[in-house]
>>> print(open('work-v2.cif').read())   # mmCIF, C-alpha atoms (C1' of nucleotides)
data_work
#
loop_
_atom_site.label_atom_id
_atom_site.label_comp_id
_atom_site.auth_asym_id
_atom_site.auth_seq_id
_atom_site.Cartn_x
_atom_site.Cartn_y
_atom_site.Cartn_z
CA MET A 1 24.38 20.95 10.72
CA PRO A 2 25.53 20.85 7.09
CA GLU A 3 23.39 22.87 4.76
CA PRO A 4 20.87 20.79 2.88
CA ARG A 5 21.72 19.46 -0.56
CA TRP A 6 18.50 20.40 -2.30
CA LEU A 7 17.38 18.72 -5.46
CA ALA A 8 17.90 20.69 -8.65
CA PRO A 9 14.66 21.26 -10.58
CA HIS A 10 15.46 18.63 -13.17
CA GLU A 11 16.25 16.17 -10.42
CA ALA A 12 13.00 16.95 -8.65
CA GLU A 13 11.19 16.26 -11.89
CA ILE A 14 12.92 12.93 -12.36
CA TRP A 15 12.12 11.96 -8.79
CA SER A 16 8.51 12.90 -9.30
CA THR A 17 8.36 10.89 -12.52
CA TYR A 18 9.86 7.93 -10.72
CA ARG A 19 7.32 8.08 -7.91
CA ARG A 20 4.45 8.30 -10.32
CA LEU A 21 5.77 5.51 -12.49
CA SER A 22 6.29 3.31 -9.50
CA ARG A 23 2.66 3.68 -8.49
CA GLU A 24 1.17 3.47 -11.97
CA LEU A 25 3.13 0.38 -12.85
CA GLN A 26 1.95 -1.32 -9.70
CA ARG A 27 -1.57 -0.27 -10.46
CA ALA A 28 -1.43 -1.46 -14.05
CA GLN A 29 -0.15 -4.85 -12.91
CA ASP A 30 -2.83 -5.18 -10.28
CA GLN A 31 -5.58 -4.23 -12.70
CA GLN A 32 -4.44 -6.60 -15.40
CA LEU A 33 -4.09 -9.54 -13.04
CA GLN A 34 -7.34 -8.82 -11.25
CA ARG A 35 -9.27 -8.41 -14.46
CA ASP A 36 -7.83 -11.40 -16.30
CA SER A 37 -7.20 -13.84 -13.47
CA GLY A 38 -8.86 -12.56 -10.30
CA ILE A 39 -5.62 -12.28 -8.34
CA SER A 40 -3.46 -9.43 -7.08
CA ALA A 41 0.17 -8.72 -7.87
CA ALA A 42 1.02 -9.84 -4.34
CA ASP A 43 -0.70 -13.15 -5.01
CA TYR A 44 1.27 -13.53 -8.21
CA ALA A 45 4.54 -12.72 -6.49
CA LEU A 46 4.12 -15.73 -4.21
CA LEU A 47 2.46 -18.09 -6.66
CA ALA A 48 5.31 -17.74 -9.15
CA PRO A 49 8.19 -19.10 -7.04
CA LEU A 50 5.91 -21.73 -5.53
CA SER A 51 4.96 -23.03 -8.96
CA GLU A 52 8.61 -23.29 -9.92
CA SER A 53 9.64 -25.08 -6.76
CA GLU A 54 10.09 -28.81 -6.32
CA GLY A 55 6.66 -30.24 -5.63
CA GLY A 56 5.08 -26.82 -5.26
CA VAL A 57 6.10 -26.55 -1.62
CA LEU A 58 8.45 -24.11 0.04
CA ARG A 59 9.29 -23.31 3.58
CA ALA A 60 7.92 -19.88 4.49
CA ARG A 61 11.40 -18.65 5.32
CA ASP A 62 12.72 -19.65 1.94
CA LEU A 63 9.75 -18.28 0.08
CA GLY A 64 10.29 -15.02 1.90
CA ALA A 65 13.96 -14.97 0.94
CA GLU A 66 13.03 -15.75 -2.65
CA VAL A 67 10.79 -12.73 -3.00
CA GLY A 68 12.61 -10.51 -0.52
CA TRP A 69 9.69 -10.04 1.84
CA GLU A 70 9.66 -9.72 5.60
CA ARG A 71 8.14 -12.44 7.69
CA SER A 72 5.13 -10.44 8.78
CA ARG A 73 4.16 -9.36 5.32
CA LEU A 74 4.58 -12.87 4.07
CA SER A 75 2.49 -14.34 6.84
CA HIS A 76 -0.37 -11.93 6.24
CA GLN A 77 -0.32 -12.55 2.52
CA ILE A 78 -0.27 -16.31 2.97
CA SER A 79 -3.26 -16.00 5.30
CA ARG A 80 -5.20 -14.09 2.67
CA MET A 81 -4.29 -16.58 -0.03
CA GLU A 82 -5.06 -19.54 2.20
CA LYS A 83 -8.54 -18.16 2.78
CA ARG A 84 -9.11 -18.19 -0.96
CA GLY A 85 -7.70 -21.64 -1.43
CA LEU A 86 -4.63 -20.70 -3.46
CA VAL A 87 -2.14 -22.15 -0.98
CA ALA A 88 -2.22 -24.31 2.13
CA ARG A 89 -0.06 -24.23 5.24
CA GLU A 90 1.56 -27.41 6.49
CA ALA A 91 3.83 -28.30 9.37
CA CYS A 92 7.56 -28.34 8.79
CA GLU A 93 9.09 -31.67 9.71
CA ASP A 94 12.73 -30.78 10.27
CA ASP A 95 12.06 -27.60 12.23
CA ALA A 96 9.00 -27.29 14.42
CA ARG A 97 9.16 -23.50 14.20
CA GLY A 98 8.84 -23.56 10.45
CA ALA A 99 5.78 -23.51 8.22
CA MET A 100 5.55 -25.06 4.80
CA VAL A 101 3.49 -23.37 2.12
CA ARG A 102 1.98 -25.62 -0.51
CA LEU A 103 0.50 -24.58 -3.81
CA THR A 104 -2.99 -26.06 -4.13
CA GLU A 105 -4.41 -27.44 -7.35
CA LYS A 106 -6.45 -24.30 -7.71
CA GLY A 107 -3.34 -22.24 -7.07
CA ARG A 108 -1.48 -24.02 -9.82
CA GLU A 109 -4.28 -23.63 -12.31
CA THR A 110 -4.51 -19.96 -11.43
CA ILE A 111 -0.83 -19.16 -11.87
CA GLU A 112 -0.56 -21.12 -15.08
CA ALA A 113 -3.50 -19.27 -16.53
CA ALA A 114 -2.19 -15.91 -15.31
CA ALA A 115 1.46 -16.21 -16.32
CA PRO A 116 1.28 -15.44 -20.05
CA GLY A 117 -0.81 -12.31 -19.58
CA HIS A 118 1.45 -11.15 -16.79
CA ALA A 119 4.61 -11.64 -18.84
CA GLU A 120 3.03 -9.87 -21.77
CA THR A 121 2.06 -6.90 -19.64
CA VAL A 122 5.50 -6.54 -18.05
CA ARG A 123 7.09 -6.74 -21.44
CA ARG A 124 4.76 -4.24 -23.06
CA LEU A 125 4.92 -1.66 -20.30
CA PHE A 126 8.43 -2.01 -18.97
CA PHE A 127 10.72 -3.53 -21.60
CA ASP A 128 9.26 -2.64 -24.97
CA PRO A 129 9.91 1.10 -24.53
CA LEU A 130 13.66 0.37 -24.34
CA ASN A 131 16.03 -1.33 -26.73
CA PRO A 132 18.21 -4.20 -25.48
CA ASP A 133 21.21 -2.00 -24.72
CA GLU A 134 19.05 0.38 -22.77
CA VAL A 135 17.53 -2.48 -20.81
CA GLY A 136 21.01 -3.51 -19.75
CA THR A 137 21.86 0.04 -18.75
CA LEU A 138 18.67 0.40 -16.75
CA GLY A 139 19.38 -2.88 -15.00
CA MET A 140 22.77 -1.58 -13.98
CA PHE A 141 21.31 1.67 -12.68
CA LEU A 142 18.69 -0.19 -10.66
CA LYS A 143 21.31 -2.43 -9.08
CA ARG A 144 23.46 0.52 -8.11
CA ILE A 145 20.54 2.35 -6.53
CA MET A 146 19.40 -0.83 -4.81
CA ALA A 147 22.83 -1.18 -3.24
CA ALA A 148 22.57 2.35 -1.87
CA VAL A 149 19.12 1.67 -0.43
CA GLU A 150 20.20 -1.59 1.17
CA GLY A 151 23.27 0.06 2.63
CA ARG A 152 20.97 2.94 3.57
CA GLY A 153 23.16 5.18 1.44
CA GLU A 154 26.03 4.81 3.85
CA SER A 155 28.70 7.40 4.01
CA PRO A 156 32.05 5.59 3.97
CA ALA A 157 32.37 3.92 7.34
CA PRO A 158 35.42 4.65 9.54
CA MET B 1 -4.04 -16.65 -29.29
CA PRO B 2 -0.48 -15.56 -30.02
CA GLU B 3 2.11 -17.45 -28.06
CA PRO B 4 3.29 -15.67 -24.94
CA ARG B 5 6.36 -13.49 -25.09
CA TRP B 6 8.07 -14.76 -21.96
CA LEU B 7 10.71 -12.76 -20.16
CA ALA B 8 14.29 -13.85 -20.71
CA PRO B 9 16.10 -14.73 -17.46
CA HIS B 10 18.06 -11.49 -17.39
CA GLU B 11 14.88 -9.55 -17.97
CA ALA B 12 13.13 -11.40 -15.17
CA GLU B 13 16.01 -10.49 -12.90
CA ILE B 14 15.82 -6.82 -13.83
CA TRP B 15 12.09 -6.83 -13.27
CA SER B 16 12.56 -8.44 -9.88
CA THR B 17 15.21 -5.89 -8.96
CA TYR B 18 12.88 -3.11 -10.00
CA ARG B 19 10.01 -4.41 -7.89
CA ARG B 20 12.23 -4.78 -4.87
CA LEU B 21 13.78 -1.38 -5.31
CA SER B 22 10.40 0.22 -5.70
CA ARG B 23 9.27 -1.18 -2.36
CA GLU B 24 12.52 -0.59 -0.47
CA LEU B 25 12.78 2.98 -1.63
CA GLN B 26 9.25 3.67 -0.49
CA ARG B 27 10.02 2.03 2.80
CA ALA B 28 13.23 3.98 3.31
CA GLN B 29 11.40 7.23 2.62
CA ASP B 30 8.61 6.40 5.01
CA GLN B 31 11.00 5.38 7.74
CA GLN B 32 13.16 8.46 7.44
CA LEU B 33 10.21 10.85 7.42
CA GLN B 34 8.43 9.05 10.23
CA ARG B 35 11.52 8.90 12.39
CA ASP B 36 12.72 12.45 11.81
CA SER B 37 9.46 14.33 11.39
CA GLY B 38 6.56 12.11 12.39
CA ILE B 39 4.93 12.16 8.96
CA SER B 40 4.48 9.66 6.15
CA ALA B 41 5.63 9.95 2.57
CA ALA B 42 1.99 10.47 1.60
CA ASP B 43 1.78 13.40 4.01
CA TYR B 44 4.94 14.86 2.52
CA ALA B 45 3.66 14.45 -1.01
CA LEU B 46 0.71 16.74 -0.25
CA LEU B 47 2.46 19.14 2.10
CA ALA B 48 5.14 19.95 -0.47
CA PRO B 49 2.95 21.44 -3.23
CA LEU B 50 0.75 23.14 -0.64
CA SER B 51 3.74 24.87 0.91
CA GLU B 52 4.84 26.14 -2.49
CA SER B 53 1.41 27.41 -3.46
CA GLU B 54 0.18 30.97 -3.22
CA GLY B 55 -1.05 31.45 0.34
CA GLY B 56 -0.70 27.77 1.15
CA VAL B 57 -4.11 26.96 -0.31
CA LEU B 58 -5.05 24.82 -3.27
CA ARG B 59 -8.27 23.51 -4.62
CA ALA B 60 -8.44 19.76 -4.08
CA ARG B 61 -8.77 19.16 -7.78
CA ASP B 62 -5.61 21.12 -8.52
CA LEU B 63 -3.68 19.54 -5.69
CA GLY B 64 -4.68 16.18 -7.07
CA ALA B 65 -3.51 17.13 -10.55
CA GLU B 66 -0.24 18.43 -9.10
CA VAL B 67 0.65 15.11 -7.50
CA GLY B 68 -1.16 12.90 -9.97
CA TRP B 69 -3.54 11.32 -7.47
CA GLU B 70 -7.11 10.19 -7.92
CA ARG B 71 -9.90 11.96 -6.12
CA SER B 72 -10.66 9.20 -3.70
CA ARG B 73 -7.11 8.69 -2.61
CA LEU B 74 -6.66 12.40 -2.17
CA SER B 75 -9.84 12.77 -0.14
CA HIS B 76 -8.89 9.96 2.22
CA GLN B 77 -5.40 11.33 2.70
CA ILE B 78 -6.68 14.84 3.36
CA SER B 79 -9.05 13.42 5.95
CA ARG B 80 -6.20 11.73 7.77
CA MET B 81 -4.08 14.86 7.66
CA GLU B 82 -6.96 17.04 8.75
CA LYS B 83 -7.43 14.87 11.80
CA ARG B 84 -3.83 15.52 12.75
CA GLY B 85 -4.06 19.23 12.11
CA LEU B 86 -1.69 19.42 9.16
CA VAL B 87 -4.26 20.84 6.76
CA ALA B 88 -7.79 22.25 6.92
CA ARG B 89 -10.65 22.00 4.48
CA GLU B 90 -12.48 25.13 3.39
CA ALA B 91 -15.35 25.86 1.05
CA CYS B 92 -14.56 26.85 -2.52
CA GLU B 93 -16.14 30.16 -3.45
CA ASP B 94 -16.28 29.95 -7.23
CA ASP B 95 -17.51 26.38 -7.37
CA ALA B 96 -19.76 24.92 -4.71
CA ARG B 97 -18.63 21.41 -5.59
CA GLY B 98 -15.04 22.23 -4.87
CA ALA B 99 -13.04 21.97 -1.69
CA MET B 100 -10.07 24.10 -0.78
CA VAL B 101 -7.21 22.58 1.17
CA ARG B 102 -5.24 24.94 3.39
CA LEU B 103 -1.89 24.33 4.99
CA THR B 104 -2.14 25.02 8.72
CA GLU B 105 0.59 26.68 10.73
CA LYS B 106 1.52 23.31 12.12
CA GLY B 107 1.55 21.90 8.63
CA ARG B 108 3.95 24.58 7.48
CA GLU B 109 6.29 24.10 10.39
CA THR B 110 6.24 20.38 9.78
CA ILE B 111 7.06 20.51 6.09
CA GLU B 112 9.78 23.11 6.58
CA ALA B 113 11.42 20.99 9.22
CA ALA B 114 11.09 17.83 7.14
CA ALA B 115 12.23 19.13 3.77
CA PRO B 116 16.02 19.13 4.20
CA GLY B 117 16.15 15.59 5.54
CA HIS B 118 13.85 14.40 2.81
CA ALA B 119 15.93 16.00 0.08
CA GLU B 120 19.09 14.58 1.58
CA THR B 121 17.62 11.09 1.66
CA VAL B 122 16.40 11.19 -1.92
CA ARG B 123 19.76 12.45 -3.04
CA ARG B 124 21.75 9.89 -1.11
CA LEU B 125 19.66 6.88 -2.12
CA PHE B 126 18.53 7.73 -5.61
CA PHE B 127 20.89 10.25 -7.20
CA ASP B 128 24.28 9.76 -5.59
CA PRO B 129 24.74 6.26 -7.05
CA LEU B 130 24.63 7.77 -10.56
CA ASN B 131 26.73 10.43 -12.23
CA PRO B 132 25.00 13.40 -13.89
CA ASP B 133 24.97 11.83 -17.35
CA GLU B 134 23.47 8.69 -15.98
CA VAL B 135 20.81 10.65 -14.12
CA GLY B 136 19.78 12.19 -17.40
CA THR B 137 19.67 8.81 -19.09
CA LEU B 138 17.61 7.32 -16.29
CA GLY B 139 15.19 10.24 -16.50
CA MET B 140 14.74 9.55 -20.18
CA PHE B 141 14.11 5.85 -19.58
CA LEU B 142 11.55 6.62 -16.90
CA LYS B 143 9.67 9.01 -19.14
CA ARG B 144 9.55 6.50 -21.96
CA ILE B 145 8.24 3.77 -19.68
CA MET B 146 5.77 6.17 -18.12
CA ALA B 147 4.40 6.97 -21.54
CA ALA B 148 3.84 3.27 -22.18
CA VAL B 149 2.06 2.84 -18.87
CA GLU B 150 -0.16 5.84 -19.43
CA GLY B 151 -1.02 4.66 -22.92
CA ARG B 152 -1.42 1.21 -21.38
CA GLY B 153 1.29 0.02 -23.74
CA GLU B 154 -0.99 0.48 -26.71
CA SER B 155 -0.38 -1.47 -29.82
CA PRO B 156 -0.72 0.85 -32.80
CA ALA B 157 -4.42 1.63 -33.10
CA PRO B 158 -6.29 0.73 -36.30
"C1'" DC C 1 22.92 -30.35 30.21
"C1'" DA C 2 21.34 -25.47 31.33
"C1'" DT C 3 20.42 -21.06 29.94
"C1'" DG C 4 20.40 -16.98 27.34
"C1'" DA C 5 20.42 -15.33 22.58
"C1'" DT C 6 18.65 -16.02 18.04
"C1'" DT C 7 15.49 -17.61 14.56
"C1'" DT C 8 10.96 -18.38 12.89
"C1'" DA C 9 6.25 -17.49 12.47
"C1'" DA C 10 1.68 -15.43 13.73
"C1'" DT C 11 -1.21 -11.62 15.15
"C1'" DG C 12 -3.53 -7.00 15.99
"C1'" DA C 13 -3.45 -2.27 15.00
"C1'" DC C 14 -2.93 1.23 11.89
"C1'" DG C 15 -2.03 3.88 7.66
"C1'" DC C 16 -2.14 3.62 2.63
"C1'" DA C 17 -4.43 2.64 -2.07
"C1'" DT C 18 -8.18 1.14 -4.97
"C1'" DC C 19 -12.81 0.30 -6.23
"C1'" DA C 20 -17.69 1.01 -6.40
"C1'" DA C 21 -21.37 3.79 -5.18
"C1'" DC C 22 -23.31 8.11 -4.15
"C1'" DA C 23 -24.46 13.15 -3.93
"C1'" DA C 24 -24.03 17.70 -5.26
"C1'" DT C 25 -23.02 20.96 -8.70
"C1'" DC C 26 -21.87 22.77 -13.09
"C1'" DT C 27 -22.09 22.94 -18.39
"C1'" DG C 28 -23.76 22.98 -22.95
"C1'" DG C 29 -27.07 22.33 -26.31
"C1'" DT C 30 -31.72 22.89 -27.39
"C1'" DA D 1 -35.25 27.54 -18.82
"C1'" DC D 2 -34.42 22.76 -19.02
"C1'" DC D 3 -32.23 18.53 -18.80
"C1'" DA D 4 -28.65 15.01 -19.98
"C1'" DG D 5 -24.09 14.38 -19.18
"C1'" DA D 6 -19.82 15.59 -17.14
"C1'" DT D 7 -17.09 17.14 -13.06
"C1'" DT D 8 -15.96 17.26 -8.25
"C1'" DG D 9 -15.69 15.38 -3.88
"C1'" DT D 10 -16.92 11.98 -0.10
"C1'" DT D 11 -17.68 7.48 1.88
"C1'" DG D 12 -17.40 2.41 3.05
"C1'" DA D 13 -15.35 -1.89 2.04
"C1'" DT D 14 -11.42 -4.44 1.20
"C1'" DG D 15 -6.68 -5.68 0.31
"C1'" DC D 16 -1.83 -4.43 1.03
"C1'" DG D 17 2.37 -3.23 4.00
"C1'" DT D 18 4.68 -1.97 8.33
"C1'" DC D 19 5.37 -1.97 13.13
"C1'" DA D 20 5.33 -3.81 17.72
"C1'" DT D 21 4.41 -7.71 20.33
"C1'" DT D 22 4.16 -12.47 21.39
"C1'" DA D 23 5.30 -17.36 21.48
"C1'" DA D 24 7.67 -21.36 20.43
"C1'" DA D 25 11.68 -23.84 18.96
"C1'" DT D 26 16.52 -24.01 18.12
"C1'" DC D 27 21.35 -22.83 18.75
"C1'" DA D 28 25.58 -21.70 21.09
"C1'" DT D 29 28.25 -21.50 24.94
"C1'" DG D 30 29.62 -22.31 29.32
#
>>> encode(input="work-v2.cif", output="structure tokens")
Amino acid sequence: MPEPRWLAPHEAEIWSTYRRLSRELQRAQDQQLQRDSGISAADYALLAPLSESEGGVLRARDLGAEVGWERSRLSHQISRMEKRGLVAREACEDDARGAMVRLTEKGRETIEAAAPGHAETVRRLFFDPLNPDEVGTLGMFLKRIMAAVEGRGESPAP
Amino acid sequence: MPEPRWLAPHEAEIWSTYRRLSRELQRAQDQQLQRDSGISAADYALLAPLSESEGGVLRARDLGAEVGWERSRLSHQISRMEKRGLVAREACEDDARGAMVRLTEKGRETIEAAAPGHAETVRRLFFDPLNPDEVGTLGMFLKRIMAAVEGRGESPAP
DNA sequence: CATGATTTAATGACGCATCAACAATCTGGT
DNA sequence: ACCAGATTGTTGATGCGTCATTAAATCATG
């Protein structure tokens, strides 16, 4: 086996900072949304594309593609939200396998009330610390890393 | 109320990329560790500082500070790991409130076997897509954002 | 059309993370 | 010495996320 490519100390520190940030940012989002609007970040993630869709209805498959979630995760989350009356499931007419997810009136009121505070929080925590150039640079970095993760960091294929 | 500072489309896209990356990176870590070593990323996070500590023992409070976890989360995780024989709890001699966490022999073997693969994965997914300058820049961005999150994005106090 | 592969969704089990509540112990000021 | 307040750790409840499994419907191909 090839000898391990250890992380240099400064790399280990950056990795550690990243892990911490990742968690704390998630936590800050959850807290803000829960406190101000009584919903979780996962709720928000689904409510947002639903509220922007034609008629407030999306097929589960398409909603999943929109947010990049797996079917199982999506299904569980929809179940939780359905129980609280934020969305409703309906049959899909063109494809009997499908499920349509509809934003309820309560769901719409909730997302519309939550959106400004959410945007403000994201901006304050994530974007305000960087200037516009830096935001662009960060975006590029994130996309490059994302490509590696999606390709599982492939070594060049034969 | 002041009118909401919405995210510009390119900002919304960066935010979405970040959220996705955050999840996928976590997932990739978990999968690799689970597959190759039978442990979770949470296990690894605690095993690592324990294995580097004097005698493989740390007070729970200090372990928590090391990884930046809250008490409750730490306690639950230690319980799960204790059940699987990776660590053991011991009494703390100087402070009867305290709890010492000791790396077991099995725990040490596990972390030593897991470390190279973990380092390789972090490097391949997170660092390889960037050149050294860019890594430094990213580290700086992360620290700035982290500061905002820890300060809760404070507006200048009166 | 028949049939096997694929797509879509739901579910149960399990580990992870947070919150609220609790209990025990220590500390500092009086 | 005392006691109020802070620190440390545990626990139970609940929501989130992944995996493995299942079931139904659709598609592609002969």
>>> closest_atom_pairs(input="work-v2.cif", of="chain A", to="chain D", cutoff="10 Å", atoms="only C-alpha atoms (C1' of nucleotides)", output="Markdown table")
| residue | atom | partner | partner_atom | distance |
| --- | --- | --- | --- | --- |
| A:Ser40 | CA | D:DG15 | C1' | 8.9 |
| A:Ala42 | CA | D:DC16 | C1' | 8.1 |
| A:Glu70 | CA | D:DT18 | C1' | 9.6 |
| A:Ser72 | CA | D:DT18 | C1' | 8.5 |
| A:Arg73 | CA | D:DG17 | C1' | 6.5 |
| A:Leu74 | CA | D:DG17 | C1' | 9.9 |
| A:His76 | CA | D:DC16 | C1' | 9.2 |
| A:Gln77 | CA | D:DC16 | C1' | 8.4 |
| A:Arg80 | CA | D:DG15 | C1' | 8.9 |
| A:Asp95 | CA | D:DA25 | C1' | 7.7 |
| A:Ala96 | CA | D:DA25 | C1' | 6.3 |
| A:Arg97 | CA | D:DA25 | C1' | 5.4 |
| A:Gly98 | CA | D:DA25 | C1' | 9.0 |
>>> atom_distance(input="work-v2.cif", atom1="atom CA of B:Trp69", atom2="atom C1' of C:DA13")
26.3 Å
>>> calpha_fit_and_write(input="work-v2.cif", fixed="chain A", moving="chain B", output="compact mmCIF listing (two decimals) with C-alpha atoms, in the coordinates of the input")
# COMPACT_ATOMS: atom_id res chain seq x y z
CA MET B 1 24.53 20.91 10.69
CA PRO B 2 25.71 20.83 7.09
CA GLU B 3 23.54 22.82 4.75
CA PRO B 4 20.98 20.76 2.88
CA ARG B 5 21.82 19.42 -0.54
CA TRP B 6 18.59 20.38 -2.29
CA LEU B 7 17.46 18.71 -5.47
CA ALA B 8 17.98 20.68 -8.66
CA PRO B 9 14.74 21.27 -10.60
CA HIS B 10 15.52 18.62 -13.19
CA GLU B 11 16.32 16.17 -10.44
CA ALA B 12 13.07 16.95 -8.67
CA GLU B 13 11.25 16.28 -11.91
CA ILE B 14 12.96 12.94 -12.39
CA TRP B 15 12.18 11.98 -8.83
CA SER B 16 8.55 12.92 -9.33
CA THR B 17 8.40 10.91 -12.54
CA TYR B 18 9.89 7.95 -10.74
CA ARG B 19 7.36 8.09 -7.92
CA ARG B 20 4.48 8.34 -10.34
CA LEU B 21 5.77 5.55 -12.51
CA SER B 22 6.30 3.33 -9.51
CA ARG B 23 2.66 3.72 -8.50
CA GLU B 24 1.16 3.51 -11.99
CA LEU B 25 3.11 0.41 -12.86
CA GLN B 26 1.93 -1.28 -9.70
CA ARG B 27 -1.59 -0.22 -10.48
CA ALA B 28 -1.44 -1.45 -14.06
CA GLN B 29 -0.16 -4.82 -12.89
CA ASP B 30 -2.84 -5.16 -10.27
CA GLN B 31 -5.58 -4.20 -12.68
CA GLN B 32 -4.45 -6.57 -15.39
CA LEU B 33 -4.09 -9.52 -13.03
CA GLN B 34 -7.34 -8.79 -11.24
CA ARG B 35 -9.27 -8.38 -14.45
CA ASP B 36 -7.84 -11.36 -16.29
CA SER B 37 -7.21 -13.81 -13.47
CA GLY B 38 -8.87 -12.57 -10.30
CA ILE B 39 -5.62 -12.29 -8.35
CA SER B 40 -3.48 -9.44 -7.07
CA ALA B 41 0.14 -8.72 -7.85
CA ALA B 42 0.97 -9.85 -4.31
CA ASP B 43 -0.73 -13.18 -4.99
CA TYR B 44 1.24 -13.54 -8.20
CA ALA B 45 4.50 -12.72 -6.48
CA LEU B 46 4.09 -15.73 -4.18
CA LEU B 47 2.46 -18.09 -6.65
CA ALA B 48 5.31 -17.72 -9.13
CA PRO B 49 8.19 -19.08 -7.01
CA LEU B 50 5.91 -21.73 -5.52
CA SER B 51 4.98 -23.01 -8.96
CA GLU B 52 8.64 -23.27 -9.91
CA SER B 53 9.65 -25.06 -6.74
CA GLU B 54 10.14 -28.78 -6.32
CA GLY B 55 6.71 -30.25 -5.62
CA GLY B 56 5.12 -26.83 -5.28
CA VAL B 57 6.14 -26.55 -1.63
CA LEU B 58 8.48 -24.12 0.06
CA ARG B 59 9.29 -23.33 3.61
CA ALA B 60 7.91 -19.91 4.50
CA ARG B 61 11.36 -18.66 5.36
CA ASP B 62 12.72 -19.65 1.97
CA LEU B 63 9.73 -18.28 0.11
CA GLY B 64 10.26 -15.03 1.94
CA ALA B 65 13.93 -14.96 0.99
CA GLU B 66 13.02 -15.74 -2.62
CA VAL B 67 10.77 -12.71 -2.97
CA GLY B 68 12.56 -10.51 -0.47
CA TRP B 69 9.63 -10.07 1.89
CA GLU B 70 9.58 -9.72 5.65
CA ARG B 71 8.05 -12.41 7.79
CA SER B 72 5.03 -10.45 8.83
CA ARG B 73 4.08 -9.38 5.37
CA LEU B 74 4.52 -12.89 4.11
CA SER B 75 2.42 -14.39 6.89
CA HIS B 76 -0.44 -11.98 6.29
CA GLN B 77 -0.38 -12.58 2.56
CA ILE B 78 -0.31 -16.35 2.99
CA SER B 79 -3.30 -16.08 5.30
CA ARG B 80 -5.27 -14.19 2.69
CA MET B 81 -4.33 -16.66 -0.02
CA GLU B 82 -5.08 -19.61 2.20
CA LYS B 83 -8.56 -18.28 2.77
CA ARG B 84 -9.11 -18.27 -0.97
CA GLY B 85 -7.67 -21.72 -1.45
CA LEU B 86 -4.61 -20.76 -3.46
CA VAL B 87 -2.12 -22.20 -1.00
CA ALA B 88 -2.18 -24.39 2.12
CA ARG B 89 -0.05 -24.31 5.22
CA GLU B 90 1.60 -27.48 6.47
CA ALA B 91 3.86 -28.35 9.36
CA CYS B 92 7.60 -28.38 8.79
CA GLU B 93 9.15 -31.70 9.73
CA ASP B 94 12.77 -30.76 10.33
CA ASP B 95 12.02 -27.62 12.29
CA ALA B 96 8.97 -27.29 14.49
CA ARG B 97 9.10 -23.51 14.22
CA GLY B 98 8.82 -23.62 10.48
CA ALA B 99 5.79 -23.56 8.24
CA MET B 100 5.58 -25.09 4.81
CA VAL B 101 3.52 -23.39 2.13
CA ARG B 102 2.02 -25.64 -0.53
CA LEU B 103 0.54 -24.62 -3.83
CA THR B 104 -2.95 -26.10 -4.15
CA GLU B 105 -4.36 -27.46 -7.38
CA LYS B 106 -6.41 -24.33 -7.73
CA GLY B 107 -3.33 -22.26 -7.07
CA ARG B 108 -1.46 -24.03 -9.84
CA GLU B 109 -4.25 -23.63 -12.33
CA THR B 110 -4.49 -19.98 -11.44
CA ILE B 111 -0.82 -19.16 -11.85
CA GLU B 112 -0.54 -21.11 -15.09
CA ALA B 113 -3.48 -19.26 -16.53
CA ALA B 114 -2.19 -15.90 -15.32
CA ALA B 115 1.45 -16.19 -16.32
CA PRO B 116 1.27 -15.40 -20.05
CA GLY B 117 -0.82 -12.28 -19.58
CA HIS B 118 1.43 -11.12 -16.79
CA ALA B 119 4.57 -11.60 -18.84
CA GLU B 120 2.99 -9.84 -21.78
CA THR B 121 2.04 -6.87 -19.63
CA VAL B 122 5.47 -6.51 -18.07
CA ARG B 123 7.05 -6.71 -21.47
CA ARG B 124 4.73 -4.21 -23.08
CA LEU B 125 4.90 -1.62 -20.31
CA PHE B 126 8.41 -1.97 -19.00
CA PHE B 127 10.67 -3.50 -21.64
CA ASP B 128 9.21 -2.59 -25.01
CA PRO B 129 9.88 1.14 -24.56
CA LEU B 130 13.62 0.40 -24.38
CA ASN B 131 15.98 -1.31 -26.79
CA PRO B 132 18.15 -4.19 -25.54
CA ASP B 133 21.16 -1.99 -24.80
CA GLU B 134 19.02 0.37 -22.84
CA VAL B 135 17.49 -2.49 -20.87
CA GLY B 136 20.96 -3.52 -19.83
CA THR B 137 21.83 0.02 -18.82
CA LEU B 138 18.65 0.39 -16.82
CA GLY B 139 19.35 -2.90 -15.06
CA MET B 140 22.75 -1.59 -14.07
CA PHE B 141 21.29 1.67 -12.75
CA LEU B 142 18.70 -0.20 -10.72
CA LYS B 143 21.29 -2.45 -9.15
CA ARG B 144 23.46 0.49 -8.19
CA ILE B 145 20.55 2.32 -6.60
CA MET B 146 19.42 -0.85 -4.88
CA ALA B 147 22.83 -1.22 -3.33
CA ALA B 148 22.59 2.30 -1.94
CA VAL B 149 19.16 1.62 -0.49
CA GLU B 150 20.24 -1.63 1.10
CA GLY B 151 23.31 0.01 2.57
CA ARG B 152 21.01 2.89 3.51
CA GLY B 153 23.21 5.13 1.39
CA GLU B 154 26.06 4.78 3.85
CA SER B 155 28.69 7.41 4.01
CA PRO B 156 32.08 5.73 4.19
CA ALA B 157 32.32 4.20 7.65
CA PRO B 158 35.11 5.29 10.01
>>> residues_around(input="work-v2.cif", residues="A:Gln31", least_positions_apart="6", cutoff="12 Å", atoms="all atoms listed in the file", output="JSON, numbers by chain")
{"A": [24, 25, 37, 38, 39, 40, 41, 117, 118, 121], "B": [152], "C": [18, 19]}
>>> interface_residues(input="work-v2.cif", of="chain C", to="chain B", cutoff="10 Å", atoms="only C-alpha atoms (C1' of nucleotides)", output="list in words")
DG15, DC16, DA17, DT18, DC19, DA24, DT25 and DC26 of chain C
